[in-house]
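J.: Structure: my_file.txt, compact mmCIF, C-alpha atoms and all ligand atoms.
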# COMPACT_ATOMS: atom_id res chain seq x y z
CA MET A 1 -100.73 17.14 125.92
CA ARG A 2 -98.58 19.93 124.48
CA ALA A 3 -99.56 23.32 125.84
CA ILE A 4 -98.53 26.94 125.61
CA GLY A 5 -98.96 29.23 128.62
CA LEU A 6 -98.86 33.03 128.31
CA MET A 7 -98.72 35.44 131.22
CA SER A 8 -98.49 39.18 131.25
CA GLY A 9 -98.79 40.69 134.68
CA THR A 10 -99.41 44.01 136.32
CA SER A 11 -95.87 45.29 135.76
CA LEU A 12 -96.77 45.79 132.06
CA ASP A 13 -93.25 44.75 130.98
CA GLY A 14 -94.39 42.28 128.33
CA VAL A 15 -95.40 38.65 128.01
CA ASP A 16 -93.74 35.50 129.35
CA GLY A 17 -94.51 32.23 127.60
CA VAL A 18 -93.81 28.54 128.01
CA LEU A 19 -94.11 25.52 125.78
CA ALA A 20 -94.65 22.45 127.94
CA ASP A 21 -95.84 18.89 127.82
CA LEU A 22 -98.43 18.22 130.49
CA GLU A 23 -99.52 14.83 131.66
CA PRO A 24 -102.81 14.70 133.53
CA ASP A 25 -103.10 12.08 136.24
CA ALA A 26 -106.28 10.44 137.38
CA ALA A 27 -108.65 12.98 138.92
CA GLY A 28 -107.24 14.24 142.18
CA GLY A 29 -103.68 13.27 141.25
CA ARG A 30 -100.82 15.59 140.34
CA ILE A 31 -100.37 16.95 136.81
CA ARG A 32 -96.82 16.24 135.62
CA PHE A 33 -94.94 18.74 133.46
CA SER A 34 -91.97 18.84 131.19
CA LEU A 35 -90.92 22.40 130.32
CA LEU A 36 -89.65 22.49 126.73
CA GLN A 37 -89.01 26.15 125.95
CA THR A 38 -89.58 29.61 127.34
CA VAL A 39 -89.94 33.01 125.72
CA HIS A 40 -90.16 36.63 126.87
CA ARG A 41 -91.32 39.36 124.56
CA PRO A 42 -91.33 42.94 125.83
CA TYR A 43 -94.32 45.12 125.00
CA PRO A 44 -93.51 47.85 122.49
CA PRO A 45 -92.91 51.02 124.60
CA GLU A 46 -96.04 52.65 123.10
CA LEU A 47 -98.17 49.74 124.34
CA THR A 48 -96.80 49.98 127.91
CA SER A 49 -97.34 53.76 127.87
CA ALA A 50 -100.89 53.39 126.55
CA LEU A 51 -101.75 50.82 129.26
CA LEU A 52 -100.17 52.95 132.01
CA ALA A 53 -102.00 56.07 130.85
CA LEU A 54 -105.27 54.17 130.65
CA GLN A 55 -104.87 52.97 134.25
CA SER A 56 -103.83 56.30 135.72
CA ARG A 57 -106.56 58.31 133.97
CA GLY A 58 -109.11 55.50 133.99
CA GLU A 59 -110.78 56.70 130.80
CA VAL A 60 -110.42 55.43 127.29
CA GLY A 61 -112.54 55.41 124.15
CA LEU A 62 -114.28 52.26 122.95
CA GLU A 63 -112.26 52.25 119.74
CA ALA A 64 -109.01 52.43 121.74
CA ILE A 65 -110.15 49.47 123.88
CA ALA A 66 -110.85 47.39 120.80
CA ASP A 67 -107.48 48.35 119.30
CA LEU A 68 -105.58 47.58 122.53
CA GLU A 69 -107.17 44.12 122.68
CA GLY A 70 -106.00 43.52 119.13
CA ALA A 71 -102.51 44.92 119.81
CA LEU A 72 -102.16 42.54 122.79
CA ALA A 73 -103.21 39.56 120.67
CA GLU A 74 -100.59 40.60 118.12
CA VAL A 75 -97.77 40.70 120.72
CA TYR A 76 -98.85 37.36 122.19
CA ALA A 77 -99.01 35.73 118.75
CA ALA A 78 -95.57 37.11 117.88
CA ALA A 79 -94.15 35.69 121.14
CA VAL A 80 -95.24 32.13 120.27
CA SER A 81 -94.96 32.29 116.48
CA GLU A 82 -91.92 29.95 116.47
CA TRP A 83 -94.00 27.28 118.23
CA CYS A 84 -97.07 27.71 116.07
CA ARG A 85 -95.61 27.70 112.55
CA PRO A 86 -97.30 25.35 110.09
CA GLY A 87 -95.32 22.09 109.92
CA VAL A 88 -94.07 21.86 113.53
CA ASP A 89 -94.01 18.19 114.50
CA THR A 90 -96.15 18.32 117.62
CA PRO A 91 -98.38 21.39 117.58
CA ALA A 92 -99.67 22.69 120.87
CA ALA A 93 -103.22 21.56 121.63
CA PHE A 94 -104.06 24.93 123.14
CA ILE A 95 -102.75 28.31 124.29
CA ALA A 96 -103.70 29.31 127.82
CA CYS A 97 -103.57 33.09 127.74
CA HIS A 98 -104.08 35.15 130.89
CA GLY A 99 -104.42 38.43 128.97
CA GLN A 100 -103.52 41.83 130.36
CA THR A 101 -105.19 42.98 133.54
CA VAL A 102 -106.29 46.56 133.01
CA TRP A 103 -108.74 46.85 135.91
CA HIS A 104 -109.19 44.95 139.16
CA ARG A 105 -111.62 45.70 141.98
CA PRO A 106 -111.95 43.13 144.79
CA PRO A 107 -115.44 42.31 146.08
CA ARG A 108 -116.48 44.41 149.07
CA GLY A 109 -119.64 43.69 151.07
CA LYS A 110 -122.53 43.31 148.62
CA ARG A 111 -120.54 44.83 145.74
CA PRO A 112 -119.13 42.04 143.57
CA GLY A 113 -115.51 42.05 142.42
CA ARG A 114 -114.71 42.96 138.83
CA SER A 115 -111.56 42.32 136.88
CA LEU A 116 -110.71 42.85 133.22
CA GLN A 117 -108.09 40.81 131.37
CA TRP A 118 -107.75 41.99 127.82
CA VAL A 119 -106.82 39.98 124.75
CA ASN A 120 -108.67 39.46 121.51
CA ALA A 121 -108.71 35.66 121.81
CA ALA A 122 -110.18 35.06 118.34
CA GLU A 123 -107.35 37.06 116.81
CA LEU A 124 -104.75 35.17 118.85
CA ALA A 125 -106.32 31.86 117.72
CA GLU A 126 -106.38 33.06 114.12
CA ARG A 127 -102.76 34.21 114.10
CA THR A 128 -101.47 31.01 115.76
CA HIS A 129 -103.90 28.42 114.27
CA THR A 130 -104.36 27.22 117.85
CA ALA A 131 -107.26 26.98 120.29
CA VAL A 132 -107.16 29.53 123.11
CA VAL A 133 -108.33 29.38 126.70
CA SER A 134 -108.58 32.88 128.19
CA ASP A 135 -110.52 34.98 130.72
CA PHE A 136 -109.58 32.77 133.66
CA ARG A 137 -110.70 35.12 136.42
CA ALA A 138 -114.34 35.67 135.43
CA ALA A 139 -115.79 32.40 136.73
CA ASP A 140 -114.22 32.82 140.16
CA LEU A 141 -115.49 36.41 140.37
CA ALA A 142 -118.95 35.24 139.32
CA ALA A 143 -118.85 32.76 142.21
CA GLY A 144 -118.19 35.63 144.61
CA GLY A 145 -114.39 35.35 144.70
CA HIS A 146 -111.62 37.90 144.15
CA GLY A 147 -110.61 36.16 140.91
CA ALA A 148 -107.13 36.13 142.48
CA PRO A 149 -104.80 34.58 143.25
CA LEU A 150 -105.36 31.81 140.70
CA VAL A 151 -101.94 30.16 140.70
CA PRO A 152 -102.31 28.17 143.98
CA LEU A 153 -103.74 25.02 142.43
CA ALA A 154 -101.01 25.05 139.78
CA ASP A 155 -98.40 25.62 142.51
CA HIS A 156 -99.70 22.49 144.21
CA HIS A 157 -99.03 20.51 141.03
CA LEU A 158 -95.66 22.18 140.38
CA PHE A 159 -94.11 22.54 143.83
CA GLY A 160 -96.10 20.51 146.40
CA ASP A 161 -93.85 18.28 148.52
CA ALA A 162 -94.42 15.23 150.67
CA ALA A 163 -91.91 16.18 153.36
CA GLU A 164 -91.73 19.98 153.66
CA SER A 165 -94.14 22.89 153.77
CA ARG A 166 -93.41 25.58 151.22
CA CYS A 167 -94.32 29.14 150.45
CA VAL A 168 -94.23 29.88 146.74
CA GLN A 169 -93.81 33.64 146.58
CA ASN A 170 -94.53 35.42 143.33
CA ILE A 171 -92.94 38.83 142.93
CA GLY A 172 -94.39 40.42 139.82
CA GLY A 173 -95.87 43.92 139.82
CA ILE A 174 -98.05 42.71 142.70
CA ALA A 175 -96.74 40.01 145.04
CA ASN A 176 -98.73 36.96 146.12
CA VAL A 177 -97.96 33.86 148.13
CA THR A 178 -99.13 30.26 148.00
CA PHE A 179 -98.62 28.24 151.19
CA LEU A 180 -98.38 24.51 150.43
CA PRO A 181 -98.51 22.32 153.53
CA ALA A 182 -96.23 19.29 153.75
CA GLY A 183 -97.86 16.16 152.39
CA ALA A 184 -99.09 17.93 149.26
CA ASP A 185 -102.59 18.19 150.67
CA ALA A 186 -104.57 20.40 148.27
CA ASP A 187 -107.17 21.18 150.95
CA GLY A 188 -104.58 22.86 153.17
CA ILE A 189 -103.49 25.41 150.55
CA GLN A 190 -103.61 29.07 151.57
CA ALA A 191 -102.90 31.96 149.24
CA PHE A 192 -103.34 35.72 149.04
CA ASP A 193 -101.75 38.90 147.73
CA THR A 194 -99.00 40.05 150.10
CA GLY A 195 -98.94 43.59 148.64
CA PRO A 196 -96.60 45.36 146.22
CA GLY A 197 -94.12 43.33 144.20
CA THR A 198 -91.93 45.31 141.84
CA MET A 199 -94.65 47.90 141.18
CA LEU A 200 -93.47 50.67 143.52
CA ILE A 201 -89.84 50.02 142.64
CA ASP A 202 -90.55 50.21 138.89
CA ALA A 203 -92.70 53.35 139.32
CA ALA A 204 -89.93 55.07 141.31
CA VAL A 205 -87.30 54.19 138.71
CA ARG A 206 -89.51 55.63 135.96
CA ARG A 207 -89.67 58.91 137.94
CA VAL A 208 -86.23 59.32 139.51
CA GLY A 209 -84.07 56.73 137.75
CA PRO A 210 -81.92 56.94 134.63
CA PRO A 211 -83.86 58.13 131.54
CA GLY A 212 -85.63 55.26 129.78
CA ALA A 213 -85.12 52.77 132.65
CA SER A 214 -88.22 50.77 133.58
CA CYS A 215 -86.85 48.74 136.53
CA ASP A 216 -83.99 48.82 139.04
CA ARG A 217 -81.85 46.52 136.90
CA ASP A 218 -80.04 44.01 139.16
CA GLY A 219 -81.06 46.06 142.19
CA GLU A 220 -78.24 48.45 141.36
CA MET A 221 -79.80 51.64 142.77
CA ALA A 222 -81.23 50.01 145.89
CA LEU A 223 -77.89 48.39 146.69
CA ARG A 224 -76.19 51.82 146.56
CA GLY A 225 -78.73 53.47 148.84
CA ARG A 226 -79.63 53.40 152.54
CA VAL A 227 -83.04 52.63 153.98
CA ASP A 228 -84.88 55.64 155.44
CA PRO A 229 -86.44 54.32 158.68
CA ALA A 230 -89.13 57.03 158.92
CA LEU A 231 -90.45 56.42 155.40
CA LEU A 232 -90.25 52.65 155.89
CA ALA A 233 -92.27 52.85 159.13
CA ASP A 234 -94.80 55.08 157.42
CA LEU A 235 -95.25 52.70 154.47
CA LEU A 236 -95.59 49.73 156.81
CA ARG A 237 -98.70 51.38 158.28
CA HIS A 238 -100.50 50.89 154.94
CA PRO A 239 -103.97 49.49 155.78
CA PHE A 240 -103.83 46.77 153.12
CA LEU A 241 -101.06 45.00 155.04
CA ARG A 242 -103.37 44.37 157.99
CA ARG A 243 -106.40 43.26 155.96
CA ARG A 244 -107.22 39.59 156.48
CA PRO A 245 -107.19 37.16 153.53
CA PRO A 246 -108.90 36.52 151.21
CA ARG A 247 -107.51 39.72 149.76
CA SER A 248 -106.20 41.02 146.46
CA THR A 249 -104.75 44.29 145.34
CA GLY A 250 -103.52 46.11 142.26
CA ARG A 251 -102.07 49.19 140.65
CA ASP A 252 -104.72 51.49 142.11
CA THR A 253 -103.37 50.73 145.62
CA PHE A 254 -99.63 50.30 145.08
CA GLY A 255 -99.01 52.26 141.88
CA ASP A 256 -98.30 55.88 141.02
CA ALA A 257 -100.84 57.38 143.42
CA LEU A 258 -98.97 55.95 146.44
CA LEU A 259 -95.63 56.97 144.93
CA ASP A 260 -96.96 60.53 144.46
CA GLN A 261 -97.71 60.67 148.21
CA VAL A 262 -94.21 59.40 149.02
CA LEU A 263 -92.48 61.84 146.64
CA ALA A 264 -94.41 64.81 148.01
CA ASP A 265 -92.42 64.60 151.27
CA TRP A 266 -89.22 62.99 150.04
CA ARG A 267 -85.99 65.04 150.31
CA GLY A 268 -83.40 62.21 150.08
CA THR A 269 -81.46 60.73 147.16
CA ALA A 270 -82.90 58.52 144.44
CA ALA A 271 -80.78 55.58 145.64
CA ASP A 272 -82.05 55.92 149.23
CA LEU A 273 -85.64 56.02 147.92
CA LEU A 274 -85.08 52.81 145.96
CA ALA A 275 -83.41 51.15 148.97
CA THR A 276 -86.41 52.07 151.14
CA LEU A 277 -89.08 50.96 148.65
CA THR A 278 -87.21 47.68 148.11
CA GLU A 279 -86.98 47.10 151.87
CA PHE A 280 -90.69 47.93 152.23
CA THR A 281 -91.60 45.40 149.55
CA ALA A 282 -89.58 42.66 151.31
CA ALA A 283 -90.97 43.67 154.72
CA SER A 284 -94.57 43.53 153.46
CA ILE A 285 -94.01 39.94 152.29
CA ALA A 286 -92.27 38.76 155.48
CA GLY A 287 -94.90 40.57 157.58
CA ALA A 288 -97.73 38.81 155.75
CA TYR A 289 -96.18 35.42 156.56
CA ARG A 290 -95.88 36.31 160.24
CA ARG A 291 -99.45 37.61 160.41
CA PHE A 292 -101.30 35.00 158.42
CA LEU A 293 -99.32 31.78 157.81
CA PRO A 294 -97.63 28.91 159.64
CA VAL A 295 -93.83 29.09 159.43
CA PRO A 296 -92.85 27.33 156.16
CA ASP A 297 -89.85 25.02 155.85
CA ARG A 298 -88.77 26.76 152.63
CA VAL A 299 -89.60 29.74 150.42
CA LEU A 300 -89.44 29.53 146.61
CA VAL A 301 -89.51 32.81 144.71
CA GLY A 302 -90.94 33.25 141.21
CA GLY A 303 -91.62 36.26 139.00
CA GLY A 304 -89.25 38.88 137.64
CA GLY A 305 -88.69 40.25 141.14
CA ALA A 306 -86.61 37.14 141.86
CA ARG A 307 -84.03 38.70 139.49
CA ASN A 308 -83.61 41.77 141.70
CA PRO A 309 -80.72 40.86 144.08
CA ALA A 310 -81.46 43.77 146.45
CA LEU A 311 -85.03 42.56 146.88
CA LEU A 312 -84.08 38.90 147.26
CA ALA A 313 -81.37 39.78 149.82
CA ALA A 314 -83.81 41.90 151.86
CA LEU A 315 -86.39 39.10 151.80
CA THR A 316 -83.81 36.47 152.77
CA ARG A 317 -82.63 38.65 155.67
CA ARG A 318 -86.18 39.25 156.90
CA LEU A 319 -87.19 35.57 156.69
CA HIS A 320 -83.95 34.20 158.23
CA PRO A 321 -83.42 31.30 159.01
CA ILE A 322 -85.98 30.02 156.45
CA PRO A 323 -84.14 29.17 153.19
CA VAL A 324 -85.20 31.43 150.28
CA ALA A 325 -84.34 30.65 146.64
CA PRO A 326 -85.72 31.26 143.12
CA THR A 327 -87.91 28.48 141.67
CA ASP A 328 -85.18 27.71 139.09
CA ALA A 329 -83.73 24.91 141.23
CA TRP A 330 -87.12 23.13 140.95
CA GLY A 331 -87.04 23.15 137.15
CA VAL A 332 -89.09 26.32 136.68
CA PRO A 333 -87.26 29.55 135.74
CA ALA A 334 -88.60 32.27 138.04
CA GLU A 335 -89.93 34.40 135.17
CA SER A 336 -91.79 31.42 133.64
CA ARG A 337 -93.57 30.16 136.72
CA GLU A 338 -96.86 31.99 136.16
CA ALA A 339 -96.98 31.18 132.43
CA LEU A 340 -96.51 27.51 133.31
CA ALA A 341 -99.16 27.83 136.01
CA PHE A 342 -101.67 29.13 133.45
CA ALA A 343 -100.81 26.30 131.05
CA ILE A 344 -101.82 23.94 133.88
CA LEU A 345 -104.99 25.95 134.57
CA GLY A 346 -105.79 25.77 130.83
CA LEU A 347 -105.51 22.01 130.99
CA CYS A 348 -107.79 21.94 134.04
CA SER A 349 -110.35 23.97 132.05
CA LEU A 350 -110.26 21.57 129.12
CA LEU A 351 -110.62 18.59 131.47
CA GLY A 352 -113.60 20.28 133.12
CA ARG A 353 -111.79 20.43 136.44
CA PRO A 354 -111.95 23.39 138.81
CA GLY A 355 -108.96 25.73 138.75
CA ASN A 356 -109.59 28.02 141.70
CA VAL A 357 -108.97 27.33 145.37
CA PRO A 358 -112.10 28.81 147.03
CA ARG A 359 -110.32 29.30 150.35
CA ALA A 360 -107.74 31.47 148.56
CA THR A 361 -110.05 33.56 146.37
CA GLY A 362 -113.04 33.69 148.71
CA ALA A 363 -115.33 32.16 146.08
CA ARG A 364 -118.42 30.28 147.24
CA ARG A 365 -117.30 27.14 145.45
CA ALA A 366 -114.74 25.50 143.20
CA ALA A 367 -115.23 26.68 139.62
CA VAL A 368 -114.12 25.50 136.20
CA LEU A 369 -112.28 28.53 134.81
CA GLY A 370 -111.74 30.00 131.37
CA ARG A 371 -113.40 30.77 128.09
CA PHE A 372 -112.70 28.53 125.10
CA THR A 373 -111.97 29.84 121.61
CA PRO A 374 -111.71 26.93 119.17
CA ARG A 375 -108.85 26.37 116.75
CA PRO A 376 -109.74 28.09 113.48
CA THR A 377 -110.36 25.60 110.68
CA GLY A 378 -110.05 25.96 106.95
N1 LIG A 401 -82.58 41.88 136.13
C1 LIG A 401 -83.55 42.45 136.85
N2 LIG A 401 -83.25 43.33 137.82
C2 LIG A 401 -84.22 43.92 138.55
N3 LIG A 401 -85.53 43.71 138.37
C3 LIG A 401 -85.89 42.84 137.41
C4 LIG A 401 -84.94 42.16 136.61
N4 LIG A 401 -85.61 41.36 135.73
C5 LIG A 401 -86.93 41.54 136.02
N5 LIG A 401 -87.10 42.42 137.01
C6 LIG A 401 -88.36 42.90 137.61
O1 LIG A 401 -89.38 42.00 137.29
C7 LIG A 401 -90.53 42.71 136.83
C8 LIG A 401 -91.35 41.86 135.90
O2 LIG A 401 -91.71 40.70 136.58
P1 LIG A 401 -92.94 39.83 136.10
O3 LIG A 401 -92.90 38.57 136.84
O4 LIG A 401 -92.96 39.80 134.61
O5 LIG A 401 -94.12 40.73 136.63
P2 LIG A 401 -95.61 40.80 136.05
O6 LIG A 401 -96.13 39.40 136.09
O7 LIG A 401 -96.32 41.74 136.97
O8 LIG A 401 -95.44 41.34 134.65
C9 LIG A 401 -89.96 43.95 136.17
O9 LIG A 401 -90.90 44.98 136.15
C10 LIG A 401 -88.77 44.24 137.06
O10 LIG A 401 -89.16 45.05 138.14
MG MG A 402 -94.32 40.47 133.21
Would you mind writing the structure in this file as C-alpha cells?

T.:
Amino acid sequence: MRAIGLMSGTSLDGVDGVLADLEPDAAGGRIRFSLLQTVHRPYPPELTSALLALQSRGEVGLEAIADLEGALAEVYAAAVSEWCRPGVDTPAAFIACHGQTVWHRPPRGKRPGRSLQWVNAAELAERTHTAVVSDFRAADLAAGGHGAPLVPLADHHLFGDAAESRCVQNIGGIANVTFLPAGADADGIQAFDTGPGTMLIDAAVRRVGPPGASCDRDGEMALRGRVDPALLADLLRHPFLRRRPPRSTGRDTFGDALLDQVLADWRGTAADLLATLTEFTAASIAGAYRRFLPVPDRVLVGGGGARNPALLAALTRRLHPIPVAPTDAWGVPAESREALAFAILGLCSLLGRPGNVPRATGARRAAVLGRFTPRPTG
C-alpha cells in the first residue's frame, strides 16, 4: 500500500514527509517498507513565529486557531503536492499526518493528559485528493496514557533486530528513546521522553546567535565553545530527569522559560552557552539510559538533531563504548524517521490494529489510533 507520512515536531522548523510502499504482514508480523521519496518543507517564518508566540503566551483567539489549522494544512499539502498531482501512476492510499503539537500536558494523578495536534484534515484531504489519518494521540490519552511516545511500535517494525538490542534515539525539539530488545520481541519494548532534544539549543541560538539563525547549524557555535561545569551541573539537577517512565515533556518544561532562568545568571560567551546546552542535552539522554534501561548493543539516532555534529559527538562520548550512528545506515534518513513511523501508524489505524505501546505511554490498554478523513470524491 502506498502511503505518505507527515511529521512536524516541537521544534516548529517545518514538516518532514515520506512517500513509501508498506507491506503489511499477517497480524503480529513485521510491516515491511520501501522508502521512495522524502521531502522537507520549512514553515514560513510568520507561521513559526505565530506558533512560538501562541505557546509562550498561551492565549489565542478562536479565529486565529481556525486560521492556523488551515495554514498548517496548506503547508502540508504544498509539501506533498508533487506526489498527489492528478495523473500520478500509483496514488497514495492515505496521508498519515501527525499535525502540529501546540499544547501537551501529561496525565498527573486523577487529572487526565491533554494534547493538541493541529491540522485541518478536511482541507488537507481536499487539497491533495487523498484520505487523511490524523489526531494519533487522542485515543491513547483517552485510555489514560501520555499520548507519547507513539513511535515505539513503528520502531519495532523499522529497526527491530534478531541478534542485537537497540536504542532508537529521536532528537527533535524533545528527545525520546525506544529500547528494542534483541529478538524483536514487541512485548519487551520500552520508550519514554529523555528530555530536551534541540529545543534549548534552538532557543539559545534565537536569543544569542547570529541574527535570523534558528539552529546551531552543524554545531558550529557549540564546537567553538567550552562547557561550563557549574551550569551543566545545575541543569542536570532538573527534576524531570529523575522522574520515572512513563513520562513525556514539552516546550513548557524545556523551552524559553528554562532558557530565561539560565540567561538570568549567565555571564559567559554565546559559544560557551551553546557548548554547555549541547552537553546537557547529550548528558540527559545518556543519563536516562543509565537510570532506566538495560545497556543496548547499539544506538541509532533519528531526528534533525542527528545532523548536529557537536551533539552527536557529545552523545557518542557519553555512551562510549556503545556504537552510536544516525539511522541512515538502516535505510531511513534521520530526518525522515518519524514521518515514516507515522506512515506505519496510519497503516495500523486502517488495518484496525493498535498503534500504541501501553507500557511506553502508560495507557490502560492497546488502542487503535487516529481519526479518518475520507478521500474527497467528485
Ligand atoms: N545541519 C544542522 N545542524 C544543526 N542542527 C540541525 C541541522 N539540521 C537540523 N538540525 C536540528 O534539527 C531540528 C529539527 O529536527 P526535527 O527532527 O525536525 O525536530 P522536530 O520533530 O521537533 O521538528 C532543528 O531545529 C535543528 O535544531
Ligand atoms: Mg521538524

J.: Considering all atoms listed in the file, can you say which of A:Leu350, A:Leu236, A:Ala186, A:Val332 comes closest to Phe372 (chain A)?

T.: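 Closest to Phe372 (chain A) of all the choices is A:Leu350.
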
J.: Considering all atoms listed in the file, return as a list in words whatever protein or nucleic-acid residues lie within 8 Å of Gly331 (chain A), sequence-local ones (same chain, fewer than 3 positions apart) excluded.

T.: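 Residues near the query, excluding close chain neighbours: Leu35, Thr327 and Asp328 of chain A.
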
J.: Save out the residues we just selected, C-alpha atoms, as a compact mmCIF listing (two decimals), keeping the file's coordinate frame.

T.:
# COMPACT_ATOMS: atom_id res chain seq x y z
CA LEU A 35 -90.92 22.40 130.32
CA THR A 327 -87.91 28.48 141.67
CA ASP A 328 -85.18 27.71 139.09

J.: Measuring atom to atom with all atoms listed in the file, identify which of A:Val299, A:Ala334, A:Ala125, A:Ala139 is nearest to Thr178 (chain A).

T.: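 Using all atoms listed in the file, the shortest distance to Thr178 (chain A) belongs to A:Val299.
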
J.: When you count only C-alpha atoms, which of these residues is closest to Ser34 (chain A): A:Ala283, A:Ala363, A:Ala343, A:Cys84?

T.: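 Distance minimum relative to Ser34 (chain A) lands on A:Ala343.
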
J.: Quick one: residues within 10 Å of Ala341 (chain A), only C-alpha atoms counted, chain neighbours fewer than 3 positions away excluded, as a list in words?

T.: Gly5, Leu6, Met7, Val18, Ala96, Leu150, Val151, Pro152, Leu153, Ala154, Asp155, His156, His157, Leu158, Ser336, Arg337, Glu338, Ile344, Leu345, Gly346 and Leu347 of chain A

J.: So the first atom is CA of Pro245 (chain A) and the second is CA of Ile189 (chain A); what is the distance between them in Å, to one decimal place?

T.: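 If I compute the distance from CA of Pro245 (chain A) to CA of Ile189 (chain A), I get 12.7 Å.
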
J.: Using all atoms listed in the file, which protein or nucleic acid residues are at most 9 Å from ligand MG 402 (chain A), as a VMD selection string?

T.: chain A and resid 7 to 16 40 42 172 to 173 303 to 304 335

J.: Rounded to one decimal place, report the CA of Gly109 (chain A)-CA of Thr253 (chain A) distance in Å.

T.: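 CA of Thr253 (chain A) lies at a distance of 18.5 Å from CA of Gly109 (chain A).
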
J.: For atom P2 of ligand LIG 401 (chain A) and CA of Ile174 (chain A), quote the distance in Å rounded to one decimal.

T.: 7.3 Å

J.: Report as a ChimeraX atom specification all protein, DNA and RNA residues lying within 8 Å of Thr128 (chain A), evaluated on all atoms listed in the file, omitting residues in the same chain fewer than 6 positions from it.

T.: /A:77,80-81,84-85

J.: Fewer than 4 positions away in the same chain doesn't count, so skip those; otherwise give me all residues within 9 Å of Thr278 (chain A), counting only C-alpha atoms, as a list of chain:residue names.

T.: A:Thr198, A:Leu200, A:Ile201, A:Gly219, A:Ala222, A:Val227, A:Leu273, A:Leu274, A:Ala282, A:Ala283, A:Ala310, A:Leu311, A:Ala314

J.: Please save C-alpha atoms of the selected residues as an mmCIF file, in the coordinates of the input.

T.:
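The new file result_1.cif reads:
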data_model
loop_
_atom_site.group_PDB
_atom_site.id
_atom_site.type_symbol
_atom_site.label_atom_id
_atom_site.label_comp_id
_atom_site.auth_asym_id
_atom_site.auth_seq_id
_atom_site.Cartn_x
_atom_site.Cartn_y
_atom_site.Cartn_z
ATOM 1 C CA THR A 198 -91.930 45.310 141.840
ATOM 2 C CA LEU A 200 -93.470 50.670 143.520
ATOM 3 C CA ILE A 201 -89.840 50.020 142.640
ATOM 4 C CA GLY A 219 -81.060 46.060 142.190
ATOM 5 C CA ALA A 222 -81.230 50.010 145.890
ATOM 6 C CA VAL A 227 -83.040 52.630 153.980
ATOM 7 C CA LEU A 273 -85.640 56.020 147.920
ATOM 8 C CA LEU A 274 -85.080 52.810 145.960
ATOM 9 C CA ALA A 282 -89.580 42.660 151.310
ATOM 10 C CA ALA A 283 -90.970 43.670 154.720
ATOM 11 C CA ALA A 310 -81.460 43.770 146.450
ATOM 12 C CA LEU A 311 -85.030 42.560 146.880
ATOM 13 C CA ALA A 314 -83.810 41.900 151.860
#

J.: Tell me which protein, DNA and RNA residues are within 9 Å of Pro296 (chain A), counting only C-alpha atoms, leaving out same-chain ones fewer than 4 positions away, and put them as a list in words.

T.: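 My list of contacting residues is Glu164, Ser165, Arg166, Cys167, Phe179, Leu180, Pro181, Tyr289 and Ile322 of chain A.
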
J.: Looking at A:His320, A:Arg111, A:Arg375, A:Arg307, which one is nearest to ligand LIG 401 (chain A), with distances taken over only C-alpha atoms and all ligand atoms?

T.: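 Nearest to ligand LIG 401 (chain A): A:Arg307.
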
J.: Which polymer residues, whether protein, DNA or RNA, lie within 8 Å of the coordinate (-96.0, 42.6, 155.7) when you count all atoms listed in the file? List them as an NGL selection string, using the chain letters and numbers from the file.

T.: :A and (194-195 or 236 or 241-242 or 282-291)

J.: With C-alpha atoms retained, could you export that selection as a PDB file, in the coordinates of the input?

T.:
ATOM      1  CA  THR A 194     -99.000  40.050 150.100  1.00  0.00           C
ATOM      2  CA  GLY A 195     -98.940  43.590 148.640  1.00  0.00           C
ATOM      3  CA  LEU A 236     -95.590  49.730 156.810  1.00  0.00           C
ATOM      4  CA  LEU A 241    -101.060  45.000 155.040  1.00  0.00           C
ATOM      5  CA  ARG A 242    -103.370  44.370 157.990  1.00  0.00           C
ATOM      6  CA  ALA A 282     -89.580  42.660 151.310  1.00  0.00           C
ATOM      7  CA  ALA A 283     -90.970  43.670 154.720  1.00  0.00           C
ATOM      8  CA  SER A 284     -94.570  43.530 153.460  1.00  0.00           C
ATOM      9  CA  ILE A 285     -94.010  39.940 152.290  1.00  0.00           C
ATOM     10  CA  ALA A 286     -92.270  38.760 155.480  1.00  0.00           C
ATOM     11  CA  GLY A 287     -94.900  40.570 157.580  1.00  0.00           C
ATOM     12  CA  ALA A 288     -97.730  38.810 155.750  1.00  0.00           C
ATOM     13  CA  TYR A 289     -96.180  35.420 156.560  1.00  0.00           C
ATOM     14  CA  ARG A 290     -95.880  36.310 160.240  1.00  0.00           C
ATOM     15  CA  ARG A 291     -99.450  37.610 160.410  1.00  0.00           C
TER      16      ARG A 291
END

J.: Out of A:Pro333, A:Pro323, A:Gly17, A:Gly61, which residue has the shortest atom-to-atom distance to Gly99 (chain A) when counting only C-alpha atoms?

T.: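 Looking at the shortest contact to Gly99 (chain A), the residue is A:Gly17.
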
J.: With N, CA and C atoms as the target, complete region 60-66 of chain A and hand it back as a PDB file, keeping the file's coordinate frame.

T.:
ATOM      1  N   VAL A  60    -110.939  55.773 128.607  1.00  0.00           N
ATOM      2  CA  VAL A  60    -110.420  55.430 127.290  1.00  0.00           C
ATOM      3  C   VAL A  60    -111.613  55.201 126.362  1.00  0.00           C
ATOM      4  N   GLY A  61    -111.455  55.568 125.110  1.00  0.00           N
ATOM      5  CA  GLY A  61    -112.540  55.410 124.150  1.00  0.00           C
ATOM      6  C   GLY A  61    -112.757  53.957 123.777  1.00  0.00           C
ATOM      7  N   LEU A  62    -113.960  53.649 123.313  1.00  0.00           N
ATOM      8  CA  LEU A  62    -114.280  52.260 122.950  1.00  0.00           C
ATOM      9  C   LEU A  62    -113.400  51.772 121.810  1.00  0.00           C
ATOM     10  N   GLU A  63    -113.105  52.648 120.858  1.00  0.00           N
ATOM     11  CA  GLU A  63    -112.260  52.250 119.740  1.00  0.00           C
ATOM     12  C   GLU A  63    -110.853  51.896 120.238  1.00  0.00           C
ATOM     13  N   ALA A  64    -110.352  52.688 121.194  1.00  0.00           N
ATOM     14  CA  ALA A  64    -109.010  52.430 121.740  1.00  0.00           C
ATOM     15  C   ALA A  64    -108.990  51.093 122.473  1.00  0.00           C
ATOM     16  N   ILE A  65    -110.076  50.765 123.189  1.00  0.00           N
ATOM     17  CA  ILE A  65    -110.150  49.470 123.880  1.00  0.00           C
ATOM     18  C   ILE A  65    -110.040  48.335 122.864  1.00  0.00           C
ATOM     19  N   ALA A  66    -110.849  48.441 121.816  1.00  0.00           N
ATOM     20  CA  ALA A  66    -110.850  47.390 120.800  1.00  0.00           C
ATOM     21  C   ALA A  66    -109.461  47.259 120.170  1.00  0.00           C
TER      22      ALA A  66
END
